Amino acid sequence: MSRAGRAFGQRARRNEDYDLLTGRAQFIDDITLPDTLHVAFVRSDLAHARINSIDTTEARKMPGVVAVYTAADLGDYWAPGPLLVPPPPVKRLEFFERTQVPLAKDKVVYAGEPYAAVVATSRYLAEDAAALVYLDADPLDAVIDLEAALAAGSPRVHEDLASNVAAKVTQFKGDYGSIEQSADLRITQRFVYDRGTAAAIENRGILAHFDPKAQKLLVWDTTQAPIPIRGGLARMLGLAVSQVHVIAPNIGGGFGPKIMMFYPEEVVVPWISKQLGRPVKWIEDRHENFYATTQERGQIHDAELAISKDGRIVGVKDVFLHDNGAHNPYGLTVPINSQCTLIGPYDIPHYHSEFTAVFTNRVTVTPYRGAGRQHGVFVMERLLDIAAKKLKIDPVEIRRRNYIPPEDFPKAQEVIYQDFAELVYDSGNYLPALEKALVHIDYERFRKEQQPQALAEGRHLGIGVVSYIEGTGIGPYEGARVCIEPGGKISIATGIGTQGQGHYTAFAQVVAEILGADIKDIHVVTGDTREFHWGSGTFASRGAVVAGNACHAAALKVREKAATLAATLLESSPDQLEFCDGVVRVAGSADKKISLGDLAAQANPLRGAVKPGTEPGLEATAYFGPDRGATASGVHAIVLEVDVETMMVAIKRYVVVHDCGRVINPLIVEGQIQGGVAQGIGNAFYEQLHVDENGQLLNASLMDFLLPTACDVPTVISDHVETPSPLTPLGVKGAGEAGTIPVGALYAQALEDALRPIAPDLTICEIPLSPNRLFELVYGDEKTSPGRENA
Amino acid sequence: MKPAPFKYFRPESLDEALALLAKHGDEAKVLAGGQSLIPAMNFRLAQPAILIDINRLSALSFIEEKRGQMHIGALTRHSMVERHPLVAQKAPLLAETMPNIAHVQIRNRGTFGGSIAHADPAAELPAAMTVRGARICLRSTRGERWVDAPQFFVGLLTTAMEPDELLTEVAFDELPKKTGWCFVEVARRHGDYALLGVAATVRLGMMGKVKDARICFVSAGETPALATNAQDALNGQAPSAELAKAAAQIAAAQDIDPPSDIHASARFRRHLATKLTERALNTAFARARGETR
């Protein structure tokens, strides 16, 4: 395949944007069914408490209330949720499984955990009644601080376990102990990353309709994984899979938390519909979202870098705590990602990493865009920055010296990745991305002219340049069905859900390239289990890689069918045919041709017989499962300015050079990068969930949980390097998380650079930051240096 | 996030509104722009039994100048104040303040009187109006009274209004000659409540010395109180960068009692008060001397 074909590689405008941008796209709350009931969940105010009783008497008497359910009402249906990802095959691993329950029964283990569901004829009435459900519970001390959680005598989130340890995992490469003493320089540092929440523009929602006459359950769900939801609901409700139909319509952002399953609401709402035989709807509101949807990012790392005088990494040791929240349905995915991604694009001969995942009385942690990769990148990049400063090497140069050279690929890293395979970088070429980024950010001129000139005017500019890798495109598999219709349209169906990624365009481009069609004539269906019922979901930057290659494989099969039939009709041979502009024609002949639509009609004749060994129609289904993930990479660079009086930060220039292998559509990749950077900026400088020692969230609204706005996010200057993946026919790698991953590390480096004239010894070791926190870091807190700031 | 049940009245005249307040004042809330009240109701933090919607009282929406005084009706939308030529001409401090109030959408709906009546110390208008010595008109079936801003803002979200009273208009002097002004604030994102803000005016007298300096802060205490110690330090002095710095330090150290919250510590707020006051005074000095606008 050529680098940029007629469809593949083009900056095509997205097929889905007309509907999305004009407000016509269907989202879950747009769907209204007659006689729908509405659910309000009653959630615990306490983060940790033993339940004595729940009184629903008053609530049941309220107007419009149809039913009020607690755990007791669920009977045998009440069960902890599935462990979605069991622990990977790492030796001497400890893992303690505790998954979420549909409604709290004996204990609540985080503030916001639901313990009752009120069903009424409107959400208003349901909320009025919910205020009258009374919980009698004895408060217990909350487990919030990760280190205190592991101290002897700490209260336990799950009292049947010996401690709050959810897992302990050690992985290594080489032998760090053997080089520890002999390294020229060793740097030890603690790094802290705190929690945020994904805050998708659309909250979660479920509309379930069990039709007692048809004995069928139809569920609309804002899930990234409709097929596993269908299988799970059928099993839990004692139905055949064919009785359950799940649709994930347009979804306003997924970012990972929407592939958590099963949320309590996903278990309870369909069950209520089956009990009552009526449609039942629950739409999560923004306030609930802070308690009801999973979160991420709390880790504490104690890391050590061993490095030579000339700035070459000898080894890295990292010991970290991972905030698991109250449950661990996602197993070890997030901390394993941290562990594996820390290695980054660097040649690290000796690596020792161990982590302890800790249960806390906080909302459960599951992957959120980046999914642990941020932390690893932050630790590694910061260690290199500290080393560069100590060794008086330019921070860009120290990275250059440590990149894995292109001839070393594939590069085995000897640790097990989240997909249970050994982490092997499939391909990579890191230096060109760095050099391109330096040109775009004008690194040399910034250092020599812009920064000193600005400082002479009293302005504090800083520059940052960081690298990262992103494991993408993991298995197990996805499938696709491609069909040329007699009207000339082409349909693609795949099982993954879509949350704004541009699947309707990217998959169309893959298929259009093979079949010589216009991408506007290709109709893509995702996330409807009746259209396609094998697959796992949209996560881990895998849609383009796994489902994209499945579309490619299915399109090749359809092309073969079409070519065979066309060869007969045109009295030619398949290898003489070309597919182009919606027709199949004999090469070199202007009039020996047939349109794809006519060919599809001929393939499904009304008379005559379909020949033995052939199938009607121009349709094919294919699957693709990669052996292992494809490793994307990139460089982010920033110039920012700090007002050192107010500690307000303004971004002057932001550059991303990304390598996600072959690019299906540069416009879509740039959109992913732009959005990812926005989320990364939020994570680095705006978004923080503040909880007190009792586990109470102090900022459960978008007034106090600060998302960056259009004013705060610059237009990213994007560029690409294309190092194809050898693992897949398309050579593509994922791009979904690249924008978010290194932003914390980038901010830290650039802020240190900007603040150096007033704080030469400042080392930033935490994310998220804020003006208030920068002020404390520069001037000390109350205890260390009162009053210094006004001097 | 659905409000608790409430009764809803929508009076067509001021008399009708005042009669409703006389009858239901204790359990009623007045709905104007609703930019603070409706979110509070949706969180069920506010559960008024009765809402009296005054949005039909179009007579309360006006901006006028009478005998050197600006009069702004309570129902005047922020966006109208922001764009009004009289405000730009006669009340430049207010004109500079308006764009800092939240976002365009909120300014299109939120009202001048609503912001004053809500008395949120993190809001811009209470501070700007305190600096301008505004008088606030309160009406009820019992009659009309005018309250000076310092007496009006009693405490956190608390005013001198009685339950049966309606805030109908605000009046303040047009900016005198040889008077400089400045409103400046620092917010995490544009449109957020300020971490700290400063409203200041400086009037110069004979010989170019400060005759009347007024400073008031946003997000620096429970009420928008005047920075009297700093004002005293300024009055009678020749304006200079050193004076601005010295007065700013006095203001931050003696005139405010800022809160600590998740966005800023009290200490950081004091630091911001120092820096922003210095900036505000220097700008006001320059404007008073006619050097810049």
# chains A, B, ... in the order shown; residues from 1 in each chain; ligands from 1
>>> residues_around(residues="stretch 288-291 of chain A", least_positions_apart="5", cutoff="9 Å", atoms="only C-alpha atoms", output="JSON list (two decimals) with N, CA, C and O atoms, in the first residue's frame")
[["chain", "number", "residue", "atom", "x", "y", "z"],
["A", 43, "ARG", "N", -27.21, 7.66, 47.49],
["A", 43, "ARG", "CA", -25.77, 7.41, 47.65],
["A", 43, "ARG", "C", -25.29, 7.78, 49.05],
["A", 43, "ARG", "O", -25.80, 8.72, 49.65],
["A", 110, "TYR", "N", -17.13, 3.79, 49.98],
["A", 110, "TYR", "CA", -16.69, 5.10, 49.46],
["A", 110, "TYR", "C", -17.89, 6.04, 49.45],
["A", 110, "TYR", "O", -19.04, 5.59, 49.36],
["A", 111, "ALA", "N", -17.60, 7.33, 49.62],
["A", 111, "ALA", "CA", -18.68, 8.32, 49.58],
["A", 111, "ALA", "C", -19.26, 8.32, 48.18],
["A", 111, "ALA", "O", -18.52, 8.47, 47.20],
["A", 112, "GLY", "N", -20.56, 8.16, 48.09],
["A", 112, "GLY", "CA", -21.21, 8.10, 46.79],
["A", 112, "GLY", "C", -21.63, 6.70, 46.41],
["A", 112, "GLY", "O", -22.32, 6.51, 45.40],
["A", 113, "GLU", "N", -21.24, 5.70, 47.20],
["A", 113, "GLU", "CA", -21.65, 4.33, 46.87],
["A", 113, "GLU", "C", -23.17, 4.23, 47.00],
["A", 113, "GLU", "O", -23.74, 4.63, 48.01],
["A", 197, "THR", "N", -10.59, 13.40, 37.48],
["A", 197, "THR", "CA", -11.66, 12.60, 36.90],
["A", 197, "THR", "C", -11.80, 12.99, 35.44],
["A", 197, "THR", "O", -11.48, 14.10, 35.05],
["A", 199, "ALA", "N", -14.33, 13.49, 33.45],
["A", 199, "ALA", "CA", -15.29, 14.56, 33.17],
["A", 199, "ALA", "C", -15.66, 14.64, 31.69],
["A", 199, "ALA", "O", -15.56, 15.69, 31.06],
["A", 203, "ASN", "N", -22.29, 12.63, 30.58],
["A", 203, "ASN", "CA", -22.18, 11.70, 31.70],
["A", 203, "ASN", "C", -22.69, 10.34, 31.28],
["A", 203, "ASN", "O", -23.11, 10.14, 30.15],
["A", 204, "ARG", "N", -22.68, 9.39, 32.21],
["A", 204, "ARG", "CA", -23.15, 8.04, 31.86],
["A", 204, "ARG", "C", -24.68, 8.00, 31.84],
["A", 204, "ARG", "O", -25.35, 8.86, 32.39],
["A", 362, "ARG", "N", -12.12, 5.40, 48.60],
["A", 362, "ARG", "CA", -12.38, 6.40, 47.56],
["A", 362, "ARG", "C", -12.97, 5.70, 46.36],
["A", 362, "ARG", "O", -12.94, 4.47, 46.25],
["A", 363, "VAL", "N", -13.50, 6.49, 45.45],
["A", 363, "VAL", "CA", -14.11, 5.94, 44.23],
["A", 363, "VAL", "C", -13.10, 5.00, 43.55],
["A", 363, "VAL", "O", -11.90, 5.28, 43.51],
["A", 689, "LEU", "N", -8.98, 16.44, 42.42],
["A", 689, "LEU", "CA", -10.07, 16.12, 43.32],
["A", 689, "LEU", "C", -9.55, 16.29, 44.74],
["A", 689, "LEU", "O", -8.61, 15.61, 45.15],
["A", 697, "LEU", "N", -15.36, 14.51, 49.32],
["A", 697, "LEU", "CA", -14.89, 15.29, 48.18],
["A", 697, "LEU", "C", -15.31, 16.75, 48.38],
["A", 697, "LEU", "O", -16.47, 17.03, 48.66],
["A", 699, "ASN", "N", -14.82, 19.28, 46.12],
["A", 699, "ASN", "CA", -15.08, 20.06, 44.91],
["A", 699, "ASN", "C", -15.85, 19.26, 43.85],
["A", 699, "ASN", "O", -15.38, 19.08, 42.73],
["A", 700, "ALA", "N", -17.03, 18.80, 44.22],
["A", 700, "ALA", "CA", -17.82, 17.97, 43.32],
["A", 700, "ALA", "C", -18.70, 18.79, 42.39],
["A", 700, "ALA", "O", -19.91, 18.59, 42.29],
["A", 701, "SER", "N", -18.11, 19.75, 41.71],
["A", 701, "SER", "CA", -18.84, 20.46, 40.67],
["A", 701, "SER", "C", -17.82, 21.05, 39.71],
["A", 701, "SER", "O", -16.65, 21.22, 40.06],
["B", 1, "MET", "N", -29.70, 16.20, 40.41],
["B", 1, "MET", "CA", -29.61, 17.65, 40.38],
["B", 1, "MET", "C", -30.93, 18.25, 39.94],
["B", 1, "MET", "O", -30.99, 19.01, 38.99]]
>>> select_by_dssp(residues="stretch 91-151 of chain A", states="alpha helix (DSSP H)", output="list in words")
Arg123, Tyr124, Leu125, Ala126, Glu127, Asp128, Ala129, Ala130, Leu146, Glu147, Ala148, Ala149 and Leu150 of chain A
>>> interface_residues(of="chain B", to="chain A", cutoff="12 Å", atoms="only C-alpha atoms", output="JSON, numbers by chain")
{"B": [1, 2, 3, 4, 5, 6, 36, 39, 40, 42, 43, 44, 47, 102, 103, 184, 185, 186, 187, 188, 189, 190, 191, 192, 193, 194, 195, 196, 197, 245, 246, 248, 249, 250, 252, 253, 260, 261, 262, 263, 264, 265, 266, 267, 268, 269, 270, 271, 272, 273, 274, 275, 276, 277, 278, 279]}
>>> residues_around(residues="stretch 172-180 of chain B", least_positions_apart="2", cutoff="9 Å", atoms="only C-alpha atoms", output="PyMOL selection string")
chain B and resi 65+68-72+87+89-93+129+132-136+170+182+200-205+212+281+283-290+293
>>> residues_around(residues="B:Gly143", least_positions_apart="3", cutoff="10 Å", atoms="only C-alpha atoms", output="list in words")
Leu18, Leu138, Arg139, Ser140 and Glu165 of chain B
>>> write_last_selection(atoms="all heavy atoms", output="compact mmCIF listing (two decimals), in the first residue's frame")
# COMPACT_ATOMS: atom_id res chain seq x y z
N LEU B 18 -44.24 43.24 45.36
CA LEU B 18 -44.06 43.65 46.76
C LEU B 18 -45.16 43.04 47.65
O LEU B 18 -44.89 42.65 48.80
CB LEU B 18 -44.06 45.18 46.88
CG LEU B 18 -42.90 45.89 46.15
CD1 LEU B 18 -43.00 47.40 46.34
CD2 LEU B 18 -41.55 45.37 46.61
N LEU B 138 -34.14 49.87 48.49
CA LEU B 138 -34.93 48.71 48.88
C LEU B 138 -36.39 49.15 48.98
O LEU B 138 -36.70 50.13 49.64
CB LEU B 138 -34.44 48.17 50.23
CG LEU B 138 -32.95 47.83 50.30
CD1 LEU B 138 -32.56 47.39 51.70
CD2 LEU B 138 -32.60 46.73 49.30
N ARG B 139 -37.27 48.38 48.33
CA ARG B 139 -38.70 48.74 48.35
C ARG B 139 -39.49 47.62 49.00
O ARG B 139 -39.17 46.44 48.88
CB ARG B 139 -39.22 48.92 46.91
CG ARG B 139 -38.60 50.06 46.13
CD ARG B 139 -39.30 51.40 46.39
NE ARG B 139 -40.68 51.37 45.99
CZ ARG B 139 -41.16 51.74 44.80
NH1 ARG B 139 -40.31 52.17 43.87
NH2 ARG B 139 -42.45 51.71 44.54
N SER B 140 -40.55 48.03 49.67
CA SER B 140 -41.50 47.05 50.21
C SER B 140 -42.84 47.74 50.28
O SER B 140 -42.95 48.93 49.98
CB SER B 140 -41.07 46.58 51.61
OG SER B 140 -41.23 47.64 52.53
N GLU B 165 -38.50 42.92 51.51
CA GLU B 165 -37.96 43.99 50.66
C GLU B 165 -37.42 43.45 49.34
O GLU B 165 -36.90 42.33 49.27
CB GLU B 165 -36.84 44.74 51.40
CG GLU B 165 -37.38 45.66 52.49
CD GLU B 165 -36.28 46.42 53.20
OE1 GLU B 165 -35.24 45.82 53.52
OE2 GLU B 165 -36.48 47.62 53.47
>>> residues_around(residues="A:Asn52", least_positions_apart="4", cutoff="12 Å", atoms="only C-alpha atoms", output="NGL selection string")
:A and (104-108 or 134-139)
>>> write_last_selection(atoms="all heavy atoms", output="PDB file, in the first residue's frame")
ATOM      1  N   ALA A 104     -24.904  -1.285  48.049  1.00  0.00           N
ATOM      2  CA  ALA A 104     -24.202  -1.620  49.292  1.00  0.00           C
ATOM      3  C   ALA A 104     -25.132  -2.387  50.223  1.00  0.00           C
ATOM      4  O   ALA A 104     -26.318  -2.045  50.363  1.00  0.00           O
ATOM      5  CB  ALA A 104     -23.704  -0.344  49.957  1.00  0.00           C
ATOM      6  N   LYS A 105     -24.600  -3.421  50.838  1.00  0.00           N
ATOM      7  CA  LYS A 105     -25.436  -4.278  51.681  1.00  0.00           C
ATOM      8  C   LYS A 105     -25.077  -4.122  53.157  1.00  0.00           C
ATOM      9  O   LYS A 105     -25.879  -3.643  53.943  1.00  0.00           O
ATOM     10  CB  LYS A 105     -25.255  -5.728  51.242  1.00  0.00           C
ATOM     11  CG  LYS A 105     -26.231  -6.693  51.890  1.00  0.00           C
ATOM     12  CD  LYS A 105     -25.876  -8.139  51.567  1.00  0.00           C
ATOM     13  CE  LYS A 105     -26.613  -8.644  50.343  1.00  0.00           C
ATOM     14  NZ  LYS A 105     -26.312 -10.046  50.046  1.00  0.00           N
ATOM     15  N   ASP A 106     -23.862  -4.498  53.541  1.00  0.00           N
ATOM     16  CA  ASP A 106     -23.462  -4.464  54.946  1.00  0.00           C
ATOM     17  C   ASP A 106     -22.622  -3.239  55.278  1.00  0.00           C
ATOM     18  O   ASP A 106     -22.580  -2.786  56.399  1.00  0.00           O
ATOM     19  CB  ASP A 106     -22.633  -5.714  55.283  1.00  0.00           C
ATOM     20  CG  ASP A 106     -23.376  -6.973  54.896  1.00  0.00           C
ATOM     21  OD1 ASP A 106     -24.595  -7.045  55.176  1.00  0.00           O
ATOM     22  OD2 ASP A 106     -22.758  -7.858  54.278  1.00  0.00           O
ATOM     23  N   LYS A 107     -21.918  -2.737  54.251  1.00  0.00           N
ATOM     24  CA  LYS A 107     -20.957  -1.664  54.473  1.00  0.00           C
ATOM     25  C   LYS A 107     -20.962  -0.735  53.288  1.00  0.00           C
ATOM     26  O   LYS A 107     -21.220  -1.182  52.161  1.00  0.00           O
ATOM     27  CB  LYS A 107     -19.546  -2.296  54.548  1.00  0.00           C
ATOM     28  CG  LYS A 107     -18.835  -2.164  55.859  1.00  0.00           C
ATOM     29  CD  LYS A 107     -17.452  -2.770  55.756  1.00  0.00           C
ATOM     30  CE  LYS A 107     -16.399  -1.708  55.644  1.00  0.00           C
ATOM     31  NZ  LYS A 107     -15.041  -2.197  55.877  1.00  0.00           N
ATOM     32  N   VAL A 108     -20.676   0.524  53.506  1.00  0.00           N
ATOM     33  CA  VAL A 108     -20.339   1.389  52.369  1.00  0.00           C
ATOM     34  C   VAL A 108     -18.836   1.630  52.433  1.00  0.00           C
ATOM     35  O   VAL A 108     -18.272   1.776  53.519  1.00  0.00           O
ATOM     36  CB  VAL A 108     -21.106   2.733  52.375  1.00  0.00           C
ATOM     37  CG1 VAL A 108     -22.564   2.517  52.043  1.00  0.00           C
ATOM     38  CG2 VAL A 108     -20.944   3.464  53.693  1.00  0.00           C
ATOM     39  N   TYR A 134     -33.727   6.616  54.468  1.00  0.00           N
ATOM     40  CA  TYR A 134     -32.870   6.864  55.628  1.00  0.00           C
ATOM     41  C   TYR A 134     -31.896   5.718  55.849  1.00  0.00           C
ATOM     42  O   TYR A 134     -32.296   4.556  55.921  1.00  0.00           O
ATOM     43  CB  TYR A 134     -33.723   7.085  56.885  1.00  0.00           C
ATOM     44  CG  TYR A 134     -34.640   8.280  56.735  1.00  0.00           C
ATOM     45  CD1 TYR A 134     -36.016   8.114  56.554  1.00  0.00           C
ATOM     46  CD2 TYR A 134     -34.121   9.578  56.742  1.00  0.00           C
ATOM     47  CE1 TYR A 134     -36.854   9.211  56.381  1.00  0.00           C
ATOM     48  CE2 TYR A 134     -34.960  10.681  56.578  1.00  0.00           C
ATOM     49  CZ  TYR A 134     -36.324  10.486  56.399  1.00  0.00           C
ATOM     50  OH  TYR A 134     -37.137  11.571  56.230  1.00  0.00           O
ATOM     51  N   LEU A 135     -30.630   6.086  55.955  1.00  0.00           N
ATOM     52  CA  LEU A 135     -29.585   5.094  56.211  1.00  0.00           C
ATOM     53  C   LEU A 135     -29.175   5.199  57.669  1.00  0.00           C
ATOM     54  O   LEU A 135     -28.798   6.268  58.141  1.00  0.00           O
ATOM     55  CB  LEU A 135     -28.367   5.392  55.316  1.00  0.00           C
ATOM     56  CG  LEU A 135     -27.130   4.530  55.543  1.00  0.00           C
ATOM     57  CD1 LEU A 135     -27.363   3.108  55.052  1.00  0.00           C
ATOM     58  CD2 LEU A 135     -25.918   5.144  54.842  1.00  0.00           C
ATOM     59  N   ASP A 136     -29.288   4.086  58.369  1.00  0.00           N
ATOM     60  CA  ASP A 136     -28.763   4.027  59.736  1.00  0.00           C
ATOM     61  C   ASP A 136     -27.435   3.286  59.655  1.00  0.00           C
ATOM     62  O   ASP A 136     -27.406   2.091  59.344  1.00  0.00           O
ATOM     63  CB  ASP A 136     -29.760   3.287  60.642  1.00  0.00           C
ATOM     64  CG  ASP A 136     -29.213   3.115  62.054  1.00  0.00           C
ATOM     65  OD1 ASP A 136     -28.119   3.663  62.343  1.00  0.00           O
ATOM     66  OD2 ASP A 136     -29.861   2.416  62.852  1.00  0.00           O
ATOM     67  N   ALA A 137     -26.349   4.010  59.878  1.00  0.00           N
ATOM     68  CA  ALA A 137     -25.033   3.401  59.723  1.00  0.00           C
ATOM     69  C   ALA A 137     -24.076   3.943  60.764  1.00  0.00           C
ATOM     70  O   ALA A 137     -24.196   5.090  61.199  1.00  0.00           O
ATOM     71  CB  ALA A 137     -24.488   3.679  58.322  1.00  0.00           C
ATOM     72  N   ASP A 138     -23.122   3.105  61.180  1.00  0.00           N
ATOM     73  CA  ASP A 138     -22.070   3.545  62.100  1.00  0.00           C
ATOM     74  C   ASP A 138     -20.851   3.950  61.293  1.00  0.00           C
ATOM     75  O   ASP A 138     -20.255   3.119  60.604  1.00  0.00           O
ATOM     76  CB  ASP A 138     -21.681   2.402  63.053  1.00  0.00           C
ATOM     77  CG  ASP A 138     -22.846   2.006  63.942  1.00  0.00           C
ATOM     78  OD1 ASP A 138     -23.640   2.900  64.293  1.00  0.00           O
ATOM     79  OD2 ASP A 138     -22.974   0.806  64.256  1.00  0.00           O
ATOM     80  N   PRO A 139     -20.445   5.224  61.397  1.00  0.00           N
ATOM     81  CA  PRO A 139     -19.265   5.663  60.641  1.00  0.00           C
ATOM     82  C   PRO A 139     -18.008   4.937  61.119  1.00  0.00           C
ATOM     83  O   PRO A 139     -17.843   4.677  62.310  1.00  0.00           O
ATOM     84  CB  PRO A 139     -19.177   7.159  60.957  1.00  0.00           C
ATOM     85  CG  PRO A 139     -20.468   7.531  61.582  1.00  0.00           C
ATOM     86  CD  PRO A 139     -21.045   6.299  62.193  1.00  0.00           C
TER      87      PRO A 139
END
>>> residues_around(residues="B:Thr158", least_positions_apart="6", cutoff="12 Å", atoms="only C-alpha atoms", output="PyMOL selection string")
chain B and resi 116-121+126+151-152+222-224
>>> residues_around(residues="B:Gln105", least_positions_apart="4", cutoff="9 Å", atoms="only C-alpha atoms", output="list in words")
Ser79, Arg109 and Gly110 of chain B
>>> select_by_dssp(residues="stretch 123-186 of chain B", states="strand (DSSP E)", output="PyMOL selection string")
chain B and resi 135-140+143-148+153-155+158-159+166-173+179-186
>>> atom_distance(atom1="atom CA of A:Gly731", atom2="atom CA of A:Asp419")
19.3 Å
>>> atom_distance(atom1="atom CA of A:Asp19", atom2="atom CA of A:Ile201")
16.6 Å
>>> decode(residues="stretch 411-417 of chain A", atoms="all heavy atoms", output="mmCIF file, in the first residue's frame")
data_model
loop_
_atom_site.group_PDB
_atom_site.id
_atom_site.type_symbol
_atom_site.label_atom_id
_atom_site.label_comp_id
_atom_site.auth_asym_id
_atom_site.auth_seq_id
_atom_site.Cartn_x
_atom_site.Cartn_y
_atom_site.Cartn_z
ATOM 1 N N LYS A 411 12.526 -4.293 20.178
ATOM 2 C CA LYS A 411 13.274 -4.173 21.426
ATOM 3 C C LYS A 411 12.498 -4.869 22.551
ATOM 4 O O LYS A 411 11.420 -4.431 22.942
ATOM 5 C CB LYS A 411 13.448 -2.690 21.750
ATOM 6 C CG LYS A 411 14.080 -2.399 23.090
ATOM 7 C CD LYS A 411 15.586 -2.495 23.043
ATOM 8 C CE LYS A 411 16.201 -2.054 24.363
ATOM 9 N NZ LYS A 411 17.663 -2.325 24.379
ATOM 10 N N ALA A 412 13.079 -5.960 23.061
ATOM 11 C CA ALA A 412 12.420 -6.691 24.146
ATOM 12 C C ALA A 412 12.760 -6.022 25.471
ATOM 13 O O ALA A 412 13.919 -5.708 25.732
ATOM 14 C CB ALA A 412 12.884 -8.133 24.147
ATOM 15 N N GLN A 413 11.754 -5.779 26.292
ATOM 16 C CA GLN A 413 11.988 -5.087 27.559
ATOM 17 C C GLN A 413 11.900 -6.010 28.770
ATOM 18 O O GLN A 413 12.037 -5.557 29.909
ATOM 19 C CB GLN A 413 10.998 -3.914 27.710
ATOM 20 C CG GLN A 413 11.122 -2.841 26.635
ATOM 21 C CD GLN A 413 12.400 -2.014 26.750
ATOM 22 O OE1 GLN A 413 13.350 -2.384 27.443
ATOM 23 N NE2 GLN A 413 12.440 -0.889 26.040
ATOM 24 N N GLU A 414 11.614 -7.267 28.540
ATOM 25 C CA GLU A 414 11.680 -8.312 29.589
ATOM 26 C C GLU A 414 10.631 -8.163 30.690
ATOM 27 O O GLU A 414 10.674 -8.881 31.668
ATOM 28 C CB GLU A 414 13.091 -8.371 30.222
ATOM 29 C CG GLU A 414 14.182 -8.675 29.214
ATOM 30 C CD GLU A 414 15.582 -8.569 29.816
ATOM 31 O OE1 GLU A 414 15.746 -8.910 30.995
ATOM 32 O OE2 GLU A 414 16.491 -8.152 29.075
ATOM 33 N N VAL A 415 9.730 -7.203 30.563
ATOM 34 C CA VAL A 415 8.649 -7.100 31.552
ATOM 35 C C VAL A 415 7.323 -7.428 30.863
ATOM 36 O O VAL A 415 7.212 -7.333 29.644
ATOM 37 C CB VAL A 415 8.576 -5.692 32.204
ATOM 38 C CG1 VAL A 415 9.775 -5.451 33.096
ATOM 39 C CG2 VAL A 415 8.471 -4.600 31.149
ATOM 40 N N ILE A 416 6.353 -7.831 31.670
ATOM 41 C CA ILE A 416 5.049 -8.226 31.126
ATOM 42 C C ILE A 416 4.156 -6.992 31.062
ATOM 43 O O ILE A 416 4.029 -6.250 32.037
ATOM 44 C CB ILE A 416 4.382 -9.297 32.015
ATOM 45 C CG1 ILE A 416 5.286 -10.534 32.126
ATOM 46 C CG2 ILE A 416 2.993 -9.671 31.492
ATOM 47 C CD1 ILE A 416 5.476 -11.300 30.852
ATOM 48 N N TYR A 417 3.513 -6.786 29.920
ATOM 49 C CA TYR A 417 2.664 -5.609 29.711
ATOM 50 C C TYR A 417 1.214 -5.934 30.073
ATOM 51 O O TYR A 417 0.867 -7.065 30.390
ATOM 52 C CB TYR A 417 2.798 -5.162 28.247
ATOM 53 C CG TYR A 417 2.194 -3.803 27.966
ATOM 54 C CD1 TYR A 417 2.479 -2.700 28.775
ATOM 55 C CD2 TYR A 417 1.344 -3.613 26.873
ATOM 56 C CE1 TYR A 417 1.920 -1.459 28.508
ATOM 57 C CE2 TYR A 417 0.790 -2.371 26.603
ATOM 58 C CZ TYR A 417 1.077 -1.296 27.428
ATOM 59 O OH TYR A 417 0.512 -0.073 27.161
#
